[in-house]
Amino acid sequence: MSTDKAARRAKFEGAWLVIKQELLDHFNGEGMPKDAAEWYERNLEYNVPGGKLNRGMSVVDTVEILKGRALNDDEYLKAAVLGWGVELLQAFFLVSDDMMDSSITRRGQPCWYRVPRVGSIAINDSFMLEAAIYHLLKKHFRSESYYIDVVELFLETSHQTEMGQLIDLITASEDEVDLSKFSLKKHSLIVIYKTAYYSFYLPVALALFMCHVPTEYILPSSPTPIRPYDLAKSILIPLGEYFQVQDDFLDFSGTPEQIGKIGTDILDNKCSWCINTALSLVTPEQRKLLDDNYGRKDKECEAKVKALFEELKLREIYAAYEQKVYRELNGLIDGIPEGGEGTLKRAVFTSFLGKIYQRQK
């Protein structure tokens, strides 16, 4: 597998140009007017390729690990279509989420709905980003034995993410602060459904399907049948939860220079790991301070909450949590029985964990 991240990204972005053109050719083939085609292209270009691309590229990386070799051109394009499918799904979520949250910027530019002339047309634009996934799957995978598996996986993952989004929206409204709705259990549920399934399980499961990994197999070294999709999920969902807890902690502890943004979870009444951990530790007086100051659009209130987080030693609690999770995940990864091609590989998970462990941004 190529270790040059910039070269890997450039190749993946090259595949996007081919995939985007396929979507535009189909759109134009339906006899759509020129101004609509220009709008669609702008929607695709503004919202899909601008992020870190970790989710999409991890599909390609995982296919390479599972096959144990570099991919030929046909295999690479197929893996890239699945990867860009994940990025289209992410774009669909973000365009709509930004409207629900009344967000201002995304990836250093105005949110799509705030671009002049877009407004509520962004709702339909988000639907078109989602629909593009299924057009691409049909075009590239209709004849594959696993076609229905990848279609169902995208649909199921979308449903799971929307469930997580619902809990988040009704638990942590910016207009109405009610910390009694918060808990570490609810935080875990939101994180697993809203982030972990689509960001961690989806890319790996897509790669497993593309590599024809069966839902169950037996290895000579293991007396019990191995269920690779269930095994992958049992590692990737806790890994995704760890990733989001890390994100929540960095929002509180990181500087803008370090994390590339200004942390706003306290101001925005976010149901984050930090506030939920604090709520599990506070005295009644400290709880009153949080009730009075959390989720208020006021820098002084934010400073009081941050000071309480420091007093409760959230940094130490997080460091202990990170070490515990790292040990547990490594234990799960080490327990994966390995076979030849068409079976699960530990390297799939060590590569994910290596990218995340003790990250600073």
# chains A, B, ... in the order shown; residues from 1 in each chain; ligands from 1
call {"tool": "residues_around", "arguments": {"residues": "Leu329 in chain A", "least_positions_apart": "6", "cutoff": "12 Å", "atoms": "only C-alpha atoms", "output": "number ranges by chain"}}
result
A: 232, 234-242, 322-323, 335-336, 346, 349-350, 352-354, 356-357
call {"tool": "closest_atom_pairs", "arguments": {"of": "range 127-243 of chain A", "to": "range 289-294 of chain A", "cutoff": "12 Å", "atoms": "only C-alpha atoms", "output": "CSV"}}
result
residue,atom,partner,partner_atom,distance
A:Ala172,CA,A:Tyr294,CA,11.2
A:Glu174,CA,A:Tyr294,CA,10.6
A:Glu176,CA,A:Tyr294,CA,10.9
A:Val177,CA,A:Tyr294,CA,7.7
A:Asp178,CA,A:Asp291,CA,7.7
A:Leu179,CA,A:Asp291,CA,6.8
A:Ser180,CA,A:Asp291,CA,9.3
A:Lys181,CA,A:Asp291,CA,11.9
A:Phe182,CA,A:Asp291,CA,11.7
call {"tool": "write_last_selection", "arguments": {"atoms": "C-alpha atoms", "output": "short mmCIF file (atom, residue, chain, number, x, y, z; two decimals), in the first residue's frame"}}
result
data_model
loop_
_atom_site.label_atom_id
_atom_site.label_comp_id
_atom_site.auth_asym_id
_atom_site.auth_seq_id
_atom_site.Cartn_x
_atom_site.Cartn_y
_atom_site.Cartn_z
CA ALA A 172 -29.39 19.38 22.97
CA GLU A 174 -29.58 25.51 21.32
CA GLU A 176 -33.60 25.41 25.37
CA VAL A 177 -30.88 24.30 27.79
CA ASP A 178 -31.97 21.37 29.98
CA LEU A 179 -29.05 19.42 31.41
CA SER A 180 -31.43 16.88 32.98
CA LYS A 181 -31.80 15.43 29.44
CA PHE A 182 -28.04 14.72 29.31
#
call {"tool": "select_by_dssp", "arguments": {"residues": "range 211-337 of chain A", "states": "alpha helix (DSSP H)", "output": "JSON, numbers by chain"}}
result
{"A": [228, 229, 230, 231, 232, 233, 234, 235, 236, 237, 238, 239, 240, 241, 242, 243, 244, 245, 246, 247, 248, 249, 250, 251, 252, 253, 256, 257, 258, 259, 273, 274, 275, 276, 277, 278, 279, 284, 285, 286, 287, 288, 289, 290, 291, 292, 293, 299, 300, 301, 302, 303, 304, 305, 306, 307, 308, 309, 310, 311, 314, 315, 316, 317, 318, 319, 320, 321, 322, 323, 324, 325, 326, 327, 328, 329, 330, 331, 332, 333, 334]}
call {"tool": "residues_around", "arguments": {"residues": "Ile266 in chain A", "least_positions_apart": "2", "cutoff": "6 Å", "atoms": "only C-alpha atoms", "output": "VMD selection string"}}
result
chain A and resid 264 268 to 269 294 to 295
call {"tool": "select_by_dssp", "arguments": {"residues": "range 88-327 of chain A", "states": "strand (DSSP E)", "output": "number ranges by chain"}}
result
A: 105-106, 109-110, 217-219, 222-226
call {"tool": "closest_residue", "arguments": {"among": "A:Tyr201, A:Tyr321, A:Trp84, A:Tyr113", "to": "Asp98 in chain A", "atoms": "only C-alpha atoms"}}
result
A:Tyr113
call {"tool": "residues_around", "arguments": {"residues": "Ala36 in chain A", "least_positions_apart": "6", "cutoff": "10 Å", "atoms": "only C-alpha atoms", "output": "PDB file with N, CA, C and O atoms, in the first residue's frame"}}
result
ATOM      1  N   PHE A  27     -27.201  13.232 -15.594  1.00  0.00           N
ATOM      2  CA  PHE A  27     -28.104  14.366 -15.392  1.00  0.00           C
ATOM      3  C   PHE A  27     -28.449  15.014 -16.735  1.00  0.00           C
ATOM      4  O   PHE A  27     -29.615  15.260 -17.048  1.00  0.00           O
ATOM      5  N   ASN A  28     -27.408  15.254 -17.537  1.00  0.00           N
ATOM      6  CA  ASN A  28     -27.628  15.879 -18.851  1.00  0.00           C
ATOM      7  C   ASN A  28     -28.367  14.945 -19.792  1.00  0.00           C
ATOM      8  O   ASN A  28     -29.164  15.383 -20.623  1.00  0.00           O
ATOM      9  N   ARG A  42     -22.177  22.555  -9.250  1.00  0.00           N
ATOM     10  CA  ARG A  42     -21.688  23.409  -8.159  1.00  0.00           C
ATOM     11  C   ARG A  42     -21.991  22.771  -6.805  1.00  0.00           C
ATOM     12  O   ARG A  42     -21.168  22.804  -5.887  1.00  0.00           O
TER      13      ARG A  42
END
call {"tool": "closest_residue", "arguments": {"among": "A:Lys185, A:Val245, A:Ala79, A:Ile262", "to": "Phe209 in chain A", "atoms": "only C-alpha atoms"}}
result
A:Ala79
call {"tool": "closest_residue", "arguments": {"among": "A:Phe200, A:Ala70, A:Arg315, A:Asp125", "to": "Cys274 in chain A", "atoms": "only C-alpha atoms"}}
result
A:Arg315
call {"tool": "residues_around", "arguments": {"residues": "range 213-226 of chain A", "least_positions_apart": "3", "cutoff": "8 Å", "atoms": "only C-alpha atoms", "output": "list in words"}}
result
Leu208, Phe209, Met210, Tyr229, Leu231, Pro337, Gly339, Gly342, Thr343 and Leu344 of chain A
call {"tool": "closest_residue", "arguments": {"among": "A:Leu166, A:Ile133, A:Leu89, A:Ala207", "to": "Lys67 in chain A", "atoms": "only C-alpha atoms"}}
result
A:Ala207
call {"tool": "residues_around", "arguments": {"residues": "Glu64 in chain A", "least_positions_apart": "5", "cutoff": "10 Å", "atoms": "only C-alpha atoms", "output": "PyMOL selection string"}}
result
chain A and resi 1-2+58-59+69-71+75-76+79+207+211+348
call {"tool": "closest_residue", "arguments": {"among": "A:Met32, A:Leu314, A:Ala307, A:Cys301", "to": "Asp248 in chain A", "atoms": "only C-alpha atoms"}}
result
A:Leu314
call {"tool": "residues_around", "arguments": {"residues": "Leu77 in chain A", "least_positions_apart": "5", "cutoff": "12 Å", "atoms": "only C-alpha atoms", "output": "PDB file with N, CA and C atoms, in the first residue's frame"}}
result
ATOM      1  N   LYS A  11      -4.611  10.594  -6.072  1.00  0.00           N
ATOM      2  CA  LYS A  11      -5.190   9.528  -6.897  1.00  0.00           C
ATOM      3  C   LYS A  11      -6.693   9.391  -6.620  1.00  0.00           C
ATOM      4  N   PHE A  12      -7.063   9.470  -5.345  1.00  0.00           N
ATOM      5  CA  PHE A  12      -8.470   9.368  -4.953  1.00  0.00           C
ATOM      6  C   PHE A  12      -9.266  10.545  -5.516  1.00  0.00           C
ATOM      7  N   GLU A  13      -8.678  11.739  -5.469  1.00  0.00           N
ATOM      8  CA  GLU A  13      -9.339  12.928  -6.026  1.00  0.00           C
ATOM      9  C   GLU A  13      -9.452  12.820  -7.547  1.00  0.00           C
ATOM     10  N   GLY A  14      -8.479  12.164  -8.176  1.00  0.00           N
ATOM     11  CA  GLY A  14      -8.558  11.930  -9.619  1.00  0.00           C
ATOM     12  C   GLY A  14      -9.762  11.072  -9.973  1.00  0.00           C
ATOM     13  N   ALA A  15     -10.044  10.091  -9.134  1.00  0.00           N
ATOM     14  CA  ALA A  15     -11.219   9.236  -9.354  1.00  0.00           C
ATOM     15  C   ALA A  15     -12.509  10.045  -9.227  1.00  0.00           C
ATOM     16  N   TRP A  16     -12.506  11.049  -8.345  1.00  0.00           N
ATOM     17  CA  TRP A  16     -13.695  11.900  -8.176  1.00  0.00           C
ATOM     18  C   TRP A  16     -14.046  12.611  -9.477  1.00  0.00           C
ATOM     19  N   LEU A  17     -13.038  13.055 -10.228  1.00  0.00           N
ATOM     20  CA  LEU A  17     -13.301  13.758 -11.490  1.00  0.00           C
ATOM     21  C   LEU A  17     -14.056  12.848 -12.461  1.00  0.00           C
ATOM     22  N   VAL A  18     -13.680  11.569 -12.490  1.00  0.00           N
ATOM     23  CA  VAL A  18     -14.360  10.586 -13.346  1.00  0.00           C
ATOM     24  C   VAL A  18     -15.793  10.361 -12.853  1.00  0.00           C
ATOM     25  N   ILE A  19     -15.935  10.183 -11.530  1.00  0.00           N
ATOM     26  CA  ILE A  19     -17.234   9.888 -10.923  1.00  0.00           C
ATOM     27  C   ILE A  19     -18.188  11.078 -11.067  1.00  0.00           C
ATOM     28  N   MET A  57     -11.283   7.386   1.628  1.00  0.00           N
ATOM     29  CA  MET A  57      -9.987   6.762   1.344  1.00  0.00           C
ATOM     30  C   MET A  57      -9.788   5.477   2.138  1.00  0.00           C
ATOM     31  N   VAL A  59     -11.899   3.166   2.537  1.00  0.00           N
ATOM     32  CA  VAL A  59     -12.443   2.031   1.772  1.00  0.00           C
ATOM     33  C   VAL A  59     -11.338   1.455   0.884  1.00  0.00           C
ATOM     34  N   VAL A  60     -10.649   2.325   0.148  1.00  0.00           N
ATOM     35  CA  VAL A  60      -9.562   1.889  -0.747  1.00  0.00           C
ATOM     36  C   VAL A  60      -8.449   1.227   0.072  1.00  0.00           C
ATOM     37  N   VAL A  63      -9.531  -2.269   1.231  1.00  0.00           N
ATOM     38  CA  VAL A  63      -9.521  -3.253   0.135  1.00  0.00           C
ATOM     39  C   VAL A  63      -8.080  -3.700  -0.144  1.00  0.00           C
ATOM     40  N   LEU A  71      -3.976  -2.498  -6.053  1.00  0.00           N
ATOM     41  CA  LEU A  71      -5.157  -2.797  -6.863  1.00  0.00           C
ATOM     42  C   LEU A  71      -4.886  -2.485  -8.329  1.00  0.00           C
ATOM     43  N   ASN A  72      -5.499  -3.272  -9.224  1.00  0.00           N
ATOM     44  CA  ASN A  72      -5.433  -2.899 -10.640  1.00  0.00           C
ATOM     45  C   ASN A  72      -6.412  -1.748 -10.893  1.00  0.00           C
ATOM     46  N   LEU A  82     -17.059   3.237  -4.179  1.00  0.00           N
ATOM     47  CA  LEU A  82     -17.613   2.987  -2.836  1.00  0.00           C
ATOM     48  C   LEU A  82     -17.139   4.069  -1.858  1.00  0.00           C
ATOM     49  N   GLY A  83     -15.865   4.442  -1.954  1.00  0.00           N
ATOM     50  CA  GLY A  83     -15.313   5.483  -1.080  1.00  0.00           C
ATOM     51  C   GLY A  83     -15.992   6.829  -1.294  1.00  0.00           C
ATOM     52  N   TRP A  84     -16.175   7.195  -2.561  1.00  0.00           N
ATOM     53  CA  TRP A  84     -16.864   8.469  -2.832  1.00  0.00           C
ATOM     54  C   TRP A  84     -18.350   8.373  -2.490  1.00  0.00           C
ATOM     55  N   GLY A  85     -18.890   7.162  -2.479  1.00  0.00           N
ATOM     56  CA  GLY A  85     -20.259   6.973  -1.986  1.00  0.00           C
ATOM     57  C   GLY A  85     -20.363   7.367  -0.522  1.00  0.00           C
ATOM     58  N   LEU A 136     -24.671   5.606  -8.718  1.00  0.00           N
ATOM     59  CA  LEU A 136     -23.308   5.069  -8.900  1.00  0.00           C
ATOM     60  C   LEU A 136     -23.236   3.581  -8.568  1.00  0.00           C
ATOM     61  N   HIS A 140     -22.077   0.755 -11.350  1.00  0.00           N
ATOM     62  CA  HIS A 140     -20.803   0.043 -11.198  1.00  0.00           C
ATOM     63  C   HIS A 140     -20.920  -1.353 -10.585  1.00  0.00           C
ATOM     64  N   PHE A 141     -22.033  -1.645  -9.897  1.00  0.00           N
ATOM     65  CA  PHE A 141     -22.088  -2.901  -9.132  1.00  0.00           C
ATOM     66  C   PHE A 141     -23.311  -3.763  -9.421  1.00  0.00           C
ATOM     67  N   MET A 210     -16.770  -5.950  -1.102  1.00  0.00           N
ATOM     68  CA  MET A 210     -16.081  -5.897  -2.388  1.00  0.00           C
ATOM     69  C   MET A 210     -15.051  -7.021  -2.520  1.00  0.00           C
TER      70      MET A 210
END
call {"tool": "atom_distance", "arguments": {"atom1": "CA of Phe93 in chain A", "atom2": "CA of Val48 in chain A"}}
result
10.9 Å
call {"tool": "atom_distance", "arguments": {"atom1": "CA of Ile123 in chain A", "atom2": "CA of Met100 in chain A"}}
result
10.3 Å
call {"tool": "closest_residue", "arguments": {"among": "A:Ala319, A:Ile190, A:Val95, A:Leu88", "to": "Gly164 in chain A", "atoms": "only C-alpha atoms"}}
result
A:Ile190
